[in-house]
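Engineer: The following file, query_7.cif, comprises mmCIF, C-alpha atoms and all ligand atoms:
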```cif
data_query
#
loop_
_atom_site.label_atom_id
_atom_site.label_comp_id
_atom_site.auth_asym_id
_atom_site.auth_seq_id
_atom_site.Cartn_x
_atom_site.Cartn_y
_atom_site.Cartn_z
CA MET W 1 86.34 124.85 70.95
CA LYS W 2 88.41 121.68 71.15
CA ILE W 3 92.07 121.46 70.21
CA ASP W 4 92.72 118.82 67.59
CA ARG W 5 95.34 116.34 68.85
CA GLN W 6 96.80 116.10 65.38
CA LYS W 7 97.55 119.82 65.37
CA ILE W 8 99.48 119.43 68.62
CA GLU W 9 101.45 116.56 67.10
CA GLU W 10 102.26 118.65 64.04
CA ALA W 11 103.47 121.50 66.23
CA ASN W 12 105.58 119.05 68.26
CA LYS W 13 107.35 117.80 65.15
CA ARG W 14 109.00 121.18 64.69
CA SER W 15 110.96 120.88 67.94
CA LEU W 16 111.13 117.13 68.39
CA ASP W 17 114.82 116.79 67.41
CA SER W 18 115.94 119.44 69.82
CA HIS W 19 113.83 117.86 72.60
CA ILE W 20 115.35 114.42 71.99
CA ASN W 21 118.87 115.88 72.15
CA SER W 22 118.33 117.80 75.38
CA TYR W 23 116.37 114.95 76.98
CA ASN W 24 119.04 112.35 76.21
CA TYR W 25 121.76 114.62 77.60
CA LEU W 26 119.80 115.22 80.83
CA ALA W 27 118.67 111.60 81.24
CA ASP W 28 122.28 110.46 80.89
CA TYR W 29 123.47 113.04 83.44
CA LEU W 30 120.75 112.05 85.95
CA THR W 31 121.21 108.30 85.44
CA LYS W 32 124.88 108.69 86.33
CA LYS W 33 123.70 110.23 89.60
CA ASP W 34 121.58 107.11 90.26
CA ILE W 35 118.29 108.88 89.61
CA GLU W 36 115.58 106.67 88.09
CA VAL W 37 114.52 109.00 85.31
CA ASP W 38 111.54 106.89 84.19
CA LYS W 39 110.03 107.10 87.67
CA VAL W 40 110.41 110.88 87.70
CA ILE W 41 108.69 111.11 84.30
CA THR W 42 105.81 108.92 85.49
CA LYS W 43 105.31 111.09 88.58
CA LEU W 44 105.30 114.26 86.49
CA ALA W 45 102.83 112.76 84.01
CA GLU W 46 100.51 111.72 86.83
CA PHE W 47 100.60 115.10 88.61
CA GLN W 48 97.32 116.90 87.91
CA VAL W 49 96.29 120.34 89.14
CA ALA W 50 92.67 121.58 89.27
CA ILE W 51 91.80 124.86 87.59
CA PRO W 52 89.19 126.95 89.41
CA SER W 53 86.19 128.08 87.39
CA TRP W 54 86.86 131.71 88.38
CA ALA W 55 90.39 131.78 86.98
CA LEU W 56 89.46 131.54 83.31
CA GLY W 57 88.45 135.16 82.92
CA ALA W 58 90.38 138.30 83.73
CA GLY W 59 90.63 139.06 87.44
CA GLY W 60 90.98 142.50 88.85
CA THR W 61 91.87 144.53 91.88
CA ARG W 62 89.61 146.46 94.20
CA PHE W 63 90.30 149.43 91.95
CA GLY W 64 88.94 147.91 88.80
CA ARG W 65 89.16 145.23 86.20
CA PHE W 66 90.36 145.15 82.61
CA GLY W 67 88.39 142.53 80.70
CA PHE W 68 90.02 140.09 78.32
CA GLN W 69 88.49 139.24 74.96
CA GLY W 70 86.86 135.88 74.42
CA GLU W 71 86.30 135.12 78.11
CA PRO W 72 84.10 132.10 78.87
CA ALA W 73 80.58 133.34 79.63
CA THR W 74 79.11 129.99 80.67
CA LEU W 75 80.13 126.96 82.69
CA GLU W 76 80.24 124.97 79.43
CA GLN W 77 82.79 127.41 78.00
CA LYS W 78 84.81 127.33 81.21
CA ILE W 79 85.07 123.55 80.96
CA ASP W 80 86.18 123.95 77.34
CA ASP W 81 88.92 126.38 78.43
CA VAL W 82 90.21 123.89 80.99
CA GLY W 83 89.98 121.23 78.28
CA ALA W 84 92.18 123.36 76.01
CA ILE W 85 94.76 123.93 78.75
CA HIS W 86 94.72 120.23 79.57
CA ALA W 87 95.10 119.18 75.93
CA LEU W 88 98.28 121.27 75.71
CA THR W 89 99.81 120.73 79.16
CA GLN W 90 98.32 117.35 80.17
CA THR W 91 98.53 118.70 83.73
CA ALA W 92 95.10 120.29 84.23
CA GLY W 93 92.78 117.29 84.38
CA ALA W 94 90.25 118.82 86.80
CA ILE W 95 88.05 121.85 87.36
CA SER W 96 87.10 123.28 90.75
CA LEU W 97 83.69 124.94 90.76
CA HIS W 98 82.67 128.03 92.64
CA ILE W 99 79.09 128.08 93.86
CA PRO W 100 76.88 130.05 93.18
CA TRP W 101 78.86 131.49 90.23
CA ASP W 102 78.88 128.17 88.36
CA VAL W 103 75.82 126.09 89.17
CA PRO W 104 75.13 123.55 86.38
CA THR W 105 71.70 123.63 84.76
CA ASP W 106 71.97 120.31 82.90
CA TYR W 107 74.11 117.99 85.04
CA THR W 108 74.28 115.13 82.54
CA ALA W 109 75.42 117.45 79.75
CA ILE W 110 78.03 119.12 81.96
CA ILE W 111 79.43 115.78 83.15
CA GLU W 112 79.62 114.48 79.57
CA ARG W 113 81.28 117.65 78.36
CA ALA W 114 83.94 117.35 81.08
CA GLN W 115 84.47 113.62 80.53
CA SER W 116 84.93 114.07 76.78
CA GLN W 117 87.87 116.38 77.56
CA ASP W 118 89.31 114.18 80.32
CA ILE W 119 88.31 116.66 83.03
CA LEU W 120 87.27 115.63 86.57
CA PHE W 121 85.36 117.73 89.10
CA ASP W 122 87.64 118.55 92.01
CA ALA W 123 86.74 120.35 95.27
CA VAL W 124 83.67 122.57 95.23
CA ASN W 125 83.99 126.03 96.79
CA SER W 126 81.29 127.81 98.79
CA ASN W 127 80.84 131.57 98.92
CA THR W 128 79.71 133.44 102.01
CA PHE W 129 82.00 136.41 101.39
CA GLN W 130 79.39 138.37 99.45
CA ASP W 131 75.61 138.72 99.40
CA GLN W 132 73.68 137.22 96.52
CA LYS W 133 70.71 139.04 95.01
CA ASP W 134 68.00 139.88 97.59
CA PRO W 135 69.38 137.72 100.41
CA ALA W 136 67.25 136.86 103.42
CA GLU W 137 70.26 137.58 105.62
CA SER W 138 73.39 139.65 104.89
CA TYR W 139 77.02 138.53 105.37
CA ARG W 140 78.15 142.12 105.94
CA PHE W 141 79.19 141.24 109.50
CA GLY W 142 80.15 137.63 108.95
CA SER W 143 78.68 134.28 107.99
CA LEU W 144 79.64 131.10 109.88
CA SER W 145 80.90 133.22 112.78
CA HIS W 146 77.97 135.67 112.85
CA ILE W 147 76.42 136.50 116.23
CA ASP W 148 72.91 136.08 114.74
CA GLU W 149 71.79 132.47 114.43
CA ALA W 150 69.66 133.18 111.33
CA VAL W 151 72.76 134.32 109.38
CA ARG W 152 74.76 131.30 110.50
CA LYS W 153 71.92 128.99 109.49
CA GLN W 154 71.77 130.53 106.02
CA ALA W 155 75.55 130.16 105.61
CA VAL W 156 75.51 126.53 106.78
CA ALA W 157 72.58 125.75 104.45
CA HIS W 158 74.52 127.26 101.53
CA ASN W 159 77.49 124.99 102.25
CA THR W 160 75.20 121.98 102.49
CA GLU W 161 73.73 122.89 99.09
CA VAL W 162 77.25 123.19 97.63
CA ILE W 163 77.99 119.65 98.85
CA GLU W 164 74.81 118.40 97.13
CA ILE W 165 75.78 120.09 93.85
CA GLY W 166 79.31 118.68 94.04
CA ASN W 167 77.97 115.23 94.85
CA ARG W 168 75.94 115.16 91.63
CA LEU W 169 79.09 115.98 89.65
CA GLY W 170 81.42 113.50 91.32
CA SER W 171 83.34 115.96 93.51
CA LYS W 172 84.73 114.54 96.73
CA SER W 173 85.58 117.62 98.77
CA LEU W 174 84.32 121.00 99.94
CA THR W 175 86.62 123.97 100.45
CA VAL W 176 85.53 126.58 102.96
CA TRP W 177 87.28 129.90 102.93
CA LEU W 178 85.82 132.42 105.35
CA ALA W 179 86.07 136.15 104.87
CA ASP W 180 84.71 136.51 108.42
CA GLY W 181 86.62 138.77 110.76
CA ALA W 182 86.82 142.36 111.91
CA SER W 183 87.98 145.50 110.19
CA PHE W 184 88.49 147.42 113.44
CA PRO W 185 89.68 146.66 116.98
CA GLY W 186 86.82 145.99 119.33
CA GLN W 187 84.40 145.18 116.51
CA THR W 188 84.00 141.51 117.48
CA ASN W 189 84.66 139.21 120.39
CA PHE W 190 87.43 136.83 119.24
CA GLN W 191 86.27 133.94 121.41
CA THR W 192 82.60 134.17 120.44
CA ALA W 193 83.46 134.39 116.72
CA LEU W 194 85.71 131.32 116.95
CA GLU W 195 83.16 129.31 118.93
CA GLN W 196 80.35 130.11 116.48
CA THR W 197 82.63 129.17 113.56
CA GLN W 198 83.49 125.84 115.18
CA LYS W 199 79.81 125.12 115.70
CA SER W 200 78.86 126.06 112.12
CA LEU W 201 81.72 124.01 110.64
CA GLY W 202 80.58 121.06 112.77
CA GLU W 203 77.10 121.34 111.24
CA ILE W 204 78.54 121.43 107.70
CA TYR W 205 80.80 118.49 108.57
CA ALA W 206 77.75 116.50 109.72
CA SER W 207 76.24 116.68 106.23
CA LEU W 208 79.47 115.56 104.51
CA PRO W 209 79.15 112.21 102.65
CA ASP W 210 81.37 109.43 104.03
CA ASP W 211 83.89 109.57 101.19
CA TRP W 212 84.18 113.37 101.21
CA LYS W 213 86.73 115.71 102.79
CA LEU W 214 86.28 119.17 104.25
CA PHE W 215 89.12 121.64 103.56
CA ILE W 216 89.43 124.62 105.89
CA GLU W 217 91.38 127.50 104.34
CA TYR W 218 93.05 130.20 106.44
CA LYS W 219 94.18 133.75 105.71
CA PRO W 220 95.69 136.39 108.00
CA TYR W 221 93.90 139.45 106.61
CA GLU W 222 91.71 140.72 103.77
CA PRO W 223 88.92 141.51 103.18
CA ASN W 224 88.86 142.21 106.90
CA PHE W 225 91.97 144.17 107.77
CA TYR W 226 92.13 143.94 111.57
CA SER W 227 91.49 140.24 112.11
CA THR W 228 90.15 137.16 110.41
CA VAL W 229 88.46 134.36 112.34
CA ILE W 230 90.61 131.62 110.74
CA GLN W 231 93.82 133.57 110.52
CA ASP W 232 96.53 130.91 110.40
CA TRP W 233 97.28 127.21 109.92
CA GLY W 234 97.12 126.57 113.65
CA THR W 235 93.55 127.85 113.87
CA SER W 236 92.55 125.83 110.79
CA PHE W 237 94.29 122.72 112.19
CA MET W 238 92.50 123.11 115.50
CA LEU W 239 89.10 123.54 113.82
CA ALA W 240 89.75 120.55 111.53
CA ASN W 241 90.72 118.37 114.48
CA GLU W 242 87.57 119.32 116.34
CA CYS W 243 85.41 118.60 113.26
CA GLY W 244 86.81 115.09 112.78
CA GLU W 245 88.98 112.86 110.61
CA LYS W 246 87.44 113.99 107.29
CA ALA W 247 88.38 117.62 107.95
CA TYR W 248 91.75 119.00 106.84
CA THR W 249 93.73 122.21 106.59
CA LEU W 250 94.15 123.85 103.20
CA VAL W 251 97.33 125.82 102.50
CA ASP W 252 97.10 128.70 100.02
CA LEU W 253 100.57 130.05 99.20
CA GLY W 254 99.35 133.66 99.24
CA HIS W 255 97.63 133.40 102.61
CA HIS W 256 100.62 134.12 104.80
CA LEU W 257 102.31 137.17 106.19
CA PRO W 258 105.54 138.07 104.33
CA ASN W 259 108.43 135.62 104.73
CA THR W 260 106.43 132.96 106.57
CA ASN W 261 108.19 129.60 106.34
CA ILE W 262 105.51 127.76 104.36
CA GLU W 263 107.60 124.62 103.83
CA GLN W 264 107.75 124.15 107.58
CA ILE W 265 103.95 124.50 107.85
CA VAL W 266 103.57 121.90 105.08
CA SER W 267 105.91 119.52 106.92
CA THR W 268 104.08 119.87 110.21
CA LEU W 269 100.64 119.34 108.66
CA MET W 270 101.75 116.27 106.69
CA LEU W 271 103.38 114.75 109.76
CA LYS W 272 100.03 115.13 111.51
CA GLY W 273 98.11 113.80 108.46
CA LYS W 274 96.13 117.00 108.06
CA LEU W 275 97.26 118.64 104.82
CA GLY W 276 94.18 118.18 102.63
CA GLY W 277 94.32 120.87 99.98
CA PHE W 278 96.87 123.14 98.39
CA HIS W 279 96.39 126.37 96.41
CA PHE W 280 99.18 127.60 94.13
CA ASN W 281 99.96 131.24 93.32
CA ASP W 282 102.80 133.67 93.96
CA SER W 283 103.14 136.99 95.73
CA LYS W 284 105.48 139.83 96.52
CA TYR W 285 103.64 141.58 99.34
CA GLY W 286 100.29 140.02 100.25
CA ASP W 287 97.71 137.78 98.63
CA ASP W 288 98.75 139.05 95.21
CA ASP W 289 97.54 135.92 93.37
CA LEU W 290 100.32 136.23 90.77
CA THR W 291 101.50 133.57 88.34
CA VAL W 292 103.03 130.62 90.21
CA GLY W 293 106.82 130.83 90.31
CA SER W 294 106.94 134.36 88.88
CA VAL W 295 108.37 135.99 92.01
CA LYS W 296 109.82 133.34 94.36
CA PRO W 297 110.65 130.17 92.42
CA TYR W 298 113.22 128.99 95.00
CA ALA W 299 110.65 129.26 97.79
CA LEU W 300 108.29 127.17 95.65
CA PHE W 301 111.02 124.55 95.23
CA LEU W 302 111.62 124.39 98.99
CA ILE W 303 107.87 123.96 99.54
CA PHE W 304 107.78 121.17 96.96
CA ASN W 305 110.73 119.54 98.66
CA ALA W 306 108.61 119.37 101.83
CA LEU W 307 105.60 118.10 99.85
CA VAL W 308 107.63 115.37 98.14
CA TYR W 309 109.12 114.30 101.46
CA GLY W 310 105.63 114.15 102.96
CA MET W 311 104.17 112.21 100.04
CA GLU W 312 106.97 109.65 100.36
CA ASN W 313 107.19 109.40 104.14
CA ASN W 314 103.77 110.28 105.57
CA PRO W 315 101.20 107.60 104.68
CA GLN W 316 99.03 109.14 107.40
CA ASN W 317 98.46 112.13 105.10
CA PRO W 318 96.05 111.71 102.15
CA TYR W 319 97.19 112.69 98.68
CA PRO W 320 96.58 116.47 98.64
CA ALA W 321 94.10 118.17 96.30
CA TRP W 322 96.10 120.59 94.14
CA MET W 323 94.60 123.74 92.67
CA ILE W 324 95.80 126.97 91.08
CA ASP W 325 94.25 129.93 92.88
CA ALA W 326 95.49 132.93 90.96
CA SER W 327 94.09 136.02 89.32
CA HIS W 328 95.13 137.43 85.96
CA ASN W 329 94.97 141.18 85.92
CA ILE W 330 96.71 141.94 82.66
CA LYS W 331 97.65 138.64 80.99
CA ASP W 332 95.63 136.27 78.83
CA PRO W 333 94.20 134.05 81.64
CA LEU W 334 94.89 130.83 79.75
CA GLU W 335 98.50 131.80 79.02
CA ASP W 336 98.93 132.74 82.68
CA ILE W 337 97.61 129.32 83.80
CA ILE W 338 99.92 127.55 81.32
CA GLN W 339 102.86 129.47 82.81
CA SER W 340 101.74 128.53 86.33
CA LEU W 341 101.43 124.84 85.46
CA GLU W 342 104.92 124.89 83.96
CA ALA W 343 106.33 126.47 87.14
CA ILE W 344 104.54 123.92 89.34
CA GLN W 345 105.84 120.98 87.31
CA GLU W 346 109.33 122.46 87.27
CA ALA W 347 109.43 122.87 91.06
CA TYR W 348 108.00 119.37 91.52
CA ALA W 349 110.56 117.84 89.15
CA LYS W 350 113.45 119.58 90.92
CA ALA W 351 112.18 118.41 94.30
CA LEU W 352 112.04 114.85 92.95
CA LEU W 353 115.77 115.14 92.13
CA VAL W 354 116.78 115.92 95.71
CA ASP W 355 118.98 113.13 97.01
CA GLN W 356 117.05 112.50 100.24
CA LYS W 357 119.43 109.82 101.46
CA ALA W 358 122.49 112.05 101.05
CA LEU W 359 120.59 114.93 102.65
CA ASN W 360 119.75 112.81 105.66
CA GLU W 361 123.38 111.73 106.00
CA ALA W 362 124.58 115.33 105.75
CA GLN W 363 122.03 116.35 108.39
CA GLN W 364 123.23 113.56 110.70
CA ALA W 365 126.82 114.73 110.22
CA HIS W 366 125.83 118.39 110.80
CA ASP W 367 127.40 119.18 107.44
CA VAL W 368 125.43 122.38 106.87
CA VAL W 369 127.31 123.28 103.70
CA LYS W 370 126.59 119.88 102.16
CA CYS W 371 122.91 120.15 103.05
CA GLN W 372 122.63 123.39 101.13
CA GLU W 373 124.65 121.99 98.21
CA ILE W 374 122.32 118.99 97.89
CA LEU W 375 119.21 121.17 97.71
CA GLN W 376 120.74 123.70 95.34
CA ASP W 377 122.22 121.03 93.07
CA ALA W 378 118.68 119.81 92.43
CA TYR W 379 117.33 123.34 92.10
CA ARG W 380 119.98 124.37 89.57
CA THR W 381 119.22 121.46 87.24
CA ASP W 382 117.34 122.49 84.10
CA VAL W 383 114.51 119.96 84.27
CA ARG W 384 112.46 121.26 81.35
CA PRO W 385 113.29 118.30 79.07
CA LEU W 386 111.71 116.01 81.73
CA LEU W 387 108.51 118.06 81.63
CA GLU W 388 108.50 117.89 77.83
CA LYS W 389 108.94 114.14 77.91
CA ALA W 390 106.06 113.71 80.41
CA ARG W 391 103.75 115.80 78.24
CA LEU W 392 104.81 114.07 75.05
CA GLN W 393 104.02 110.65 76.52
CA ARG W 394 100.45 111.76 77.24
CA GLY W 395 99.89 113.41 73.87
CA GLY W 396 100.39 116.98 75.07
CA ALA W 397 102.45 119.78 73.59
CA LEU W 398 106.23 119.89 73.90
CA HIS W 399 105.92 123.65 74.35
CA PRO W 400 102.34 124.44 75.51
CA LEU W 401 102.63 128.24 75.41
CA ASN W 402 104.21 128.34 71.94
CA THR W 403 101.60 125.91 70.64
CA TYR W 404 98.77 127.92 72.24
CA ARG W 405 100.02 130.92 70.28
CA SER W 406 100.84 129.17 67.01
CA LEU W 407 97.39 127.51 66.95
CA LYS W 408 95.87 130.94 67.64
CA ILE W 409 93.62 129.64 70.42
CA ARG W 410 92.73 133.07 71.80
CA GLU W 411 91.88 134.38 68.34
CA GLN W 412 89.55 131.42 67.85
CA LEU W 413 87.89 132.00 71.23
CA VAL W 414 87.33 135.66 70.42
CA SER W 415 85.77 134.82 67.06
CA GLU W 416 83.52 132.20 68.70
CA ARG W 417 82.51 134.15 71.78
CA GLY W 418 83.00 137.76 70.79
CA ALA W 419 85.31 140.47 72.07
CA ASP W 420 82.85 141.59 74.76
CA SER W 421 82.29 138.21 76.37
CA VAL W 422 82.65 138.47 80.17
CA ALA W 423 83.34 135.57 82.52
CA THR W 424 80.62 135.08 85.13
CA GLY W 425 81.31 135.63 88.79
CA LEU W 426 83.95 138.31 88.61
MN MN N 501 92.74 129.88 97.95
#
```
Go ahead and render the structure in this file as structure tokens.

Structural biologist:
Amino acid sequence: MKIDRQKIEEANKRSLDSHINSYNYLADYLTKKDIEVDKVITKLAEFQVAIPSWALGAGGTRFGRFGFQGEPATLEQKIDDVGAIHALTQTAGAISLHIPWDVPTDYTAIIERAQSQDILFDAVNSNTFQDQKDPAESYRFGSLSHIDEAVRKQAVAHNTEVIEIGNRLGSKSLTVWLADGASFPGQTNFQTALEQTQKSLGEIYASLPDDWKLFIEYKPYEPNFYSTVIQDWGTSFMLANECGEKAYTLVDLGHHLPNTNIEQIVSTLMLKGKLGGFHFNDSKYGDDDLTVGSVKPYALFLIFNALVYGMENNPQNPYPAWMIDASHNIKDPLEDIIQSLEAIQEAYAKALLVDQKALNEAQQAHDVVKCQEILQDAYRTDVRPLLEKARLQRGGALHPLNTYRSLKIREQLVSERGADSVATGL
């Protein structure tokens, strides 16, 4: 199912006057504050976030899953779903595949299908957190960190295969997230587990093509509840440094203990040129994988402020790979992703409005009150007309969610795919 551009244009006409009014008012207000509005719009229009292939169906909890009608049952349908989101938002120009849930059968057809919808293949993700059917070796007690060499070899070979699959699609990076760890004190030897992981990652790194990057994701707990081998950014950073210059840390917003200062982690990594990937979601307690910006929008803004500063001042850091890593337990997955993309763009736009020069001067003068005022002045600005303008320029929808509903996209997907269609891999 492809969304007809003309239908988006027709839907836009209904709210075009009100957009022009609010945009002109805001542009005038920002111009008077010496903000180059056109540059902000260009940055917003260029900002693209990858959608993971596992996020297009309903997620679940460890207690169960409520399916959602019209879920994509094949990789082809998953690409179409990303295409639909991208047509509306103009912000989702990439898909991130999970292997082995989404291995292409016909590579040429898959690449053409993605290209026709302006979709690139972003980082590929390996999976050693569960056993596949009839495995030679089990990951029950770990994968890259396992004490048994045969298990480690199988896990390394899987990652090498994921690189090969990604290479055929045009991906340029591999994301490794390890579930390895211990559920109980005394279960593993911390030092042995870390050493084996370093060795295994080094072997994966050795098979990385020259123009590829390796992203090492960290997480403090879950599914192992006593310890994880790569528990925090410091451990990931250390492993990445030991692998080499193509290895980077990946920050997932949900992979921190409550109240961790994520913007400070982002700043440190970018200063050291090691922030490679970034996963968006939101949380209240743990790795809740909720809609981006639904719980802590101000925290997201502060993180974006650090990201914008890094992108402008740290040429040593590559442009990060952005991805939404969320789960949709009760919402329409596509509506949830549209909401997340809106929240991401909103936080980015607000961060772009921060007067960095004035902030630096206030910091030099130890004017703490002024520092806070500068940040909150940007945060309190309603930037939605800027987002609308950026989408409009690229042929997207002024109001993606409204248009998704008025065009009855979900109803069409259900009639095409059936009410019982279940997304693979969940
Ligand atoms: Mn993640």

Engineer: Would you place a box with edges along x, y and z of the file around all atoms of range 111-114 of chain W listed there, add 3 Å to each of its six sides, and report the centre and edge lengths in Å to one decimal, as AutoDock Vina command-line options?

Structural biologist:
```
--center_x 81.7 --center_y 116.1 --center_z 80.8 --size_x 10.5 --size_y 9.2 --size_z 10.8
```

Engineer: Pick out the residues no farther than 6 Å from ligand MN 501 (chain N), counting only C-alpha atoms and all ligand atoms, and list them as a ChimeraX atom specification.

Structural biologist: /W:252,279,325

Engineer: For CA of Ile204 in chain W and CA of Tyr319 in chain W, determine how far apart the two atoms are, in Å to one decimal place.

Structural biologist: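 Answer for the CA of Ile204 in chain W to CA of Tyr319 in chain W separation: 22.5 Å.
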
Engineer: Between range 114-146 of chain W and range 101-110 of chain W, at 12 Å or less, what are the per-residue closest atom pairs and their distances in Å? Count only C-alpha atoms, order by chain and rising residue number, and return it as a Markdown table.

Structural biologist:
```
| residue | atom | partner | partner_atom | distance |
| --- | --- | --- | --- | --- |
| W:Ala114 | CA | W:Ile110 | CA | 6.2 |
| W:Gln115 | CA | W:Ile110 | CA | 8.6 |
| W:Ser116 | CA | W:Ile110 | CA | 10.0 |
| W:Gln117 | CA | W:Ile110 | CA | 11.1 |
| W:Ile119 | CA | W:Ile110 | CA | 10.6 |
| W:Leu120 | CA | W:Ile110 | CA | 10.9 |
| W:Phe121 | CA | W:Ile110 | CA | 10.3 |
| W:Val124 | CA | W:Asp102 | CA | 10.1 |
| W:Asn125 | CA | W:Trp101 | CA | 10.0 |
| W:Ser126 | CA | W:Trp101 | CA | 9.6 |
| W:Asn127 | CA | W:Trp101 | CA | 8.9 |
| W:Thr128 | CA | W:Trp101 | CA | 12.0 |
| W:Gln130 | CA | W:Trp101 | CA | 11.5 |
| W:Gln132 | CA | W:Trp101 | CA | 10.0 |
```

Engineer: Give the answer as one residue: which of W:Leu88, W:Ala378, W:Val251, W:Leu75 has the shortest atom-to-atom distance to Glu346 in chain W, using all atoms listed in the file?

Structural biologist: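 Result for the nearest residue to Glu346 in chain W: W:Ala378.
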
Engineer: Rounded to one decimal, what separation in Å do you get between CA of Ser294 in chain W and CA of Ile41 in chain W?

Structural biologist: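 Those two atoms sit 23.8 Å apart.
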
Engineer: Could you check how far CA of His328 in chain W sits from CA of Leu56 in chain W, in Å to one decimal?

Structural biologist: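 It comes out at 8.6 Å.
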
Engineer: Using all atoms listed in the file, find the one residue out of W:Gln69, W:Thr249, W:Ser200, W:Gln264 that sits nearest to Ser421 in chain W.

Structural biologist: W:Gln69

Engineer: Would you please work out which residue, of W:Gly202, W:Val49, W:Asp81, W:Ala27, is nearest to Lys2 in chain W when using only C-alpha atoms?

Structural biologist: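 Answer, going by the shortest atom-to-atom distance: W:Asp81.
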
Engineer: Please list as a PDB file with C-alpha atoms, in the coordinates of the input every residue within 9 Å of Val266 in chain W, counting all atoms listed in the file and excluding residues in the same chain fewer than 6 positions away.

Structural biologist:
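Everything below was put into out_38.pdb:
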```pdb
ATOM      1  CA  VAL W 251      97.330 125.820 102.500  1.00  0.00           C
ATOM      2  CA  LEU W 275      97.260 118.640 104.820  1.00  0.00           C
ATOM      3  CA  ILE W 303     107.870 123.960  99.540  1.00  0.00           C
ATOM      4  CA  ALA W 306     108.610 119.370 101.830  1.00  0.00           C
ATOM      5  CA  LEU W 307     105.600 118.100  99.850  1.00  0.00           C
ATOM      6  CA  GLY W 310     105.630 114.150 102.960  1.00  0.00           C
TER       7      GLY W 310
END
```

Engineer: From the options W:Asp336, W:Glu373, W:Glu36, W:Asp4, which residue's atoms come nearest to Asp282 in chain W, counting all atoms listed in the file?

Structural biologist: W:Asp336

Engineer: With all atoms listed in the file as the atoms that count, which of W:Ala155, W:Pro52, W:Glu137, W:Asp332 lies nearest to Glu411 in chain W?

Structural biologist: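 Comparing W:Ala155, W:Pro52, W:Glu137, W:Asp332 against Glu411 in chain W, the winner is W:Asp332.
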
Engineer: For Ile262 in chain W, list every protein, DNA or RNA residue within 12 Å, evaluated using all atoms listed in the file, and leave out those in the same chain fewer than 2 positions away; present the list as number ranges by chain.

Structural biologist: W: 232-233, 251-260, 264-269, 278, 299-307

Engineer: Can you tell me, as JSON, numbers by chain, what residues are no more than 6 Å from Asp289 in chain W when counting all atoms listed in the file, ignoring any on the same chain fewer than 2 positions away?

Structural biologist: {"W": [281, 282, 287, 326, 327]}

Engineer: Compare W:Ile51, W:Leu334, W:Ala343, W:Tyr309 by their minimum atom-to-atom distance to Ile409 in chain W, counting all atoms listed in the file, and give me the closest one.

Structural biologist: W:Leu334

Engineer: Which polymer residues have any atom within 12 Å of an atom of Leu16 in chain W, counting all atoms listed in the file, with same-chain residues fewer than 3 positions away left out, as a VMD selection string?

Structural biologist: chain W and resid 8 to 13 19 to 23 385 388 to 389 392 397 to 399

Engineer: Missing atoms in range 10-21 of chain W: can you complete it with N, CA and C atoms, as a compact mmCIF listing (two decimals), keeping the file's coordinate frame?

Structural biologist:
```
# COMPACT_ATOMS: atom_id res chain seq x y z
N GLU W 10 101.55 117.93 65.13
CA GLU W 10 102.26 118.65 64.04
C GLU W 10 103.17 119.72 64.61
N ALA W 11 102.66 120.45 65.60
CA ALA W 11 103.47 121.50 66.23
C ALA W 11 104.69 120.88 66.94
N ASN W 12 104.48 119.72 67.55
CA ASN W 12 105.58 119.05 68.26
C ASN W 12 106.71 118.65 67.31
N LYS W 13 106.33 118.28 66.10
CA LYS W 13 107.35 117.80 65.15
C LYS W 13 108.43 118.84 64.92
N ARG W 14 108.05 120.10 64.97
CA ARG W 14 109.00 121.18 64.69
C ARG W 14 110.15 121.24 65.70
N SER W 15 109.88 120.79 66.94
CA SER W 15 110.96 120.88 67.94
C SER W 15 111.32 119.52 68.54
N LEU W 16 110.89 118.48 67.86
CA LEU W 16 111.13 117.13 68.39
C LEU W 16 112.62 116.78 68.47
N ASP W 17 113.37 117.11 67.42
CA ASP W 17 114.82 116.79 67.41
C ASP W 17 115.53 117.46 68.57
N SER W 18 115.23 118.71 68.76
CA SER W 18 115.94 119.44 69.82
C SER W 18 115.52 118.89 71.20
N HIS W 19 114.26 118.48 71.33
CA HIS W 19 113.83 117.86 72.60
C HIS W 19 114.60 116.57 72.85
N ILE W 20 114.68 115.72 71.82
CA ILE W 20 115.35 114.42 71.99
C ILE W 20 116.81 114.63 72.42
N ASN W 21 117.47 115.59 71.79
CA ASN W 21 118.87 115.88 72.15
C ASN W 21 119.00 116.31 73.61
```
